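Q: Right, I'll just put the structure down here and ask away after.
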Amino acid sequence: MPAAVTVCPHPLDTRTPRVPENLAYSLTLPAALASPAVARCAARTILEAHALHDVTAAAIQVIGELAACACLFTPSDSVYLSLSRRGAAHQPLRRAPAPYPPPSRGGL
């Protein structure tokens, strides 16, 4: 009896392979108490999908700490997380740009 086929590859599947060299993801999260957990979970999934198992634990720790501080101290309502690889994985986390002040405040 022939072996069962569980998944047929799509003939037009042109997705970029998930390798460490093409790691490039960005997330904008609300500056809320749950956002550090979301950032850690997303980063863990992304790093493991790109086979970066050796840096995942340390990166998750750093991302959690930075996300907590960003959410706590940002004056805006959101924070921005970027995961990319430039020779080595790095995780810049910064607050989202502040909205423009209302015109009635004279631009201050």
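Each chain in the structure tokens gets a letter, A, B, ..., in the order shown, and its residues are numbered from 1; ligands are numbered from 1 in order too.
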Quick one: everything within 8 Å of range 69-73 of chain A, counting only C-alpha atoms, minus sequence neighbours fewer than 2 positions away in the same chain. Send it as number ranges by chain.

A: A: 30-33, 35-36, 65-67, 75, 78-79, 93-95

Q: At a cut-off of 7 Å, using only C-alpha atoms, what residues contact range 21-25 of chain A? Leave out same-chain residues fewer than 3 positions from it and give the result as an MDAnalysis selection string.

A: chainID A and resid 18 50 82:85

Q: Counting only C-alpha atoms, what is within 12 Å of Glu48 in chain A, bar same-chain residues fewer than 3 positions away, as an MDAnalysis selection string?

A: chainID A and resid 18:20 23 41:45 51:57 59:60

Q: Just give me the gap between CA of Ala68 in chain A and CA of Ser26 in chain A in Å, one decimal is fine.

A: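 Computed distance, CA of Ala68 in chain A to CA of Ser26 in chain A, equals 17.2 Å.
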